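J.: First, the structure itself, so that you have it in front of you.
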Amino acid sequence: MNDVDTTRLENFRQLRKEIRGSNEHLIVGIDVAKDNHHAFFGTARGKTLLKRLVFNNNLQGYEKLYTYVEAAKVKNNLNKVVFGLEPTANYHKPLGEHLSWTRIFLECQPVALAW
């Protein structure tokens, strides 16, 4: 394992430790596809908040996702967000870039994680 992989693994372990059992994290899992993504919202304690949000792989879709994320944070008194993305082909790149350029720090892992 090279230094970059070691750092990524350490960062992943630290993030996992931070969110496990947390009362302040919204977890958003995203199934990435070419045209439309499907998102699941839940808490670190296992509570389902939204089973499926379908949004387009474009700017309007990303804004829809962000609107739902902000609403879920407020409604459930959560102040941190973790995104889990499956890096499928290159379809995850526009969403990942949008998250990192606009509002959210993004760190890609084998299963891309962001907060």
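Here, A, B, ... name the chains of the structure tokens in the order displayed, residue numbers run from 1 inside each chain, and ligands are numbered from 1 in the same displayed order.
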Excluding region 72-77 of chain A and residues on its chain fewer than 6 positions from it, collect all residues at most 8 Å away from it, counting only C-alpha atoms, and give them as a count of residues only.

T.: 3

J.: Using only C-alpha atoms, determine which residues lie at most 10 Å from Pro94 (chain A), disregarding the query and same-chain residues fewer than 6 positions distant; provide the list as a ChimeraX atom specification.

T.: /A:57-59,62,100

J.: Take the residues from that selection and put them in a file with N, CA and C atoms, as a PDB file, in the first residue's frame.

T.:
ATOM      1  N   ASN A  57     -28.543  13.838 -13.193  1.00  0.00           N
ATOM      2  CA  ASN A  57     -27.096  14.026 -13.173  1.00  0.00           C
ATOM      3  C   ASN A  57     -26.748  15.334 -13.888  1.00  0.00           C
ATOM      4  N   ASN A  58     -27.268  16.435 -13.340  1.00  0.00           N
ATOM      5  CA  ASN A  58     -26.988  17.767 -13.880  1.00  0.00           C
ATOM      6  C   ASN A  58     -27.142  18.784 -12.750  1.00  0.00           C
ATOM      7  N   LEU A  59     -26.914  20.039 -13.050  1.00  0.00           N
ATOM      8  CA  LEU A  59     -26.946  21.083 -12.030  1.00  0.00           C
ATOM      9  C   LEU A  59     -28.290  21.154 -11.313  1.00  0.00           C
ATOM     10  N   TYR A  62     -28.489  18.314  -8.852  1.00  0.00           N
ATOM     11  CA  TYR A  62     -27.635  18.515  -7.676  1.00  0.00           C
ATOM     12  C   TYR A  62     -28.279  19.512  -6.716  1.00  0.00           C
ATOM     13  N   SER A 100     -17.711  19.155  -4.278  1.00  0.00           N
ATOM     14  CA  SER A 100     -16.455  19.710  -3.773  1.00  0.00           C
ATOM     15  C   SER A 100     -16.276  21.178  -4.146  1.00  0.00           C
TER      16      SER A 100
END

J.: Please provide as a list in words all residues within 9 Å of Ala89 (chain A), with the sequence filter that same-chain residues fewer than 3 positions apart are discarded (counting only C-alpha atoms).

T.: Ala33, Lys34, His92 and Lys93 of chain A

J.: Pick out the residues sitting within 12 Å of Thr43 (chain A), and hand them over as JSON, numbers by chain; count only C-alpha atoms, and ignore anything fewer than 2 positions along from it in its own chain.

T.: {"A": [19, 20, 21, 22, 23, 24, 25, 26, 27, 28, 29, 40, 41, 45, 46, 47, 48, 49, 50, 51, 72, 73, 76, 77, 78, 79, 80, 81, 82, 83]}

J.: Applying 10 Å and only C-alpha atoms, which residues near Asn36 (chain A) remain after dropping the ones on its own chain fewer than 2 positions away? List them as number ranges by chain.

T.: A: 31-34, 38-39, 53-58, 61, 91
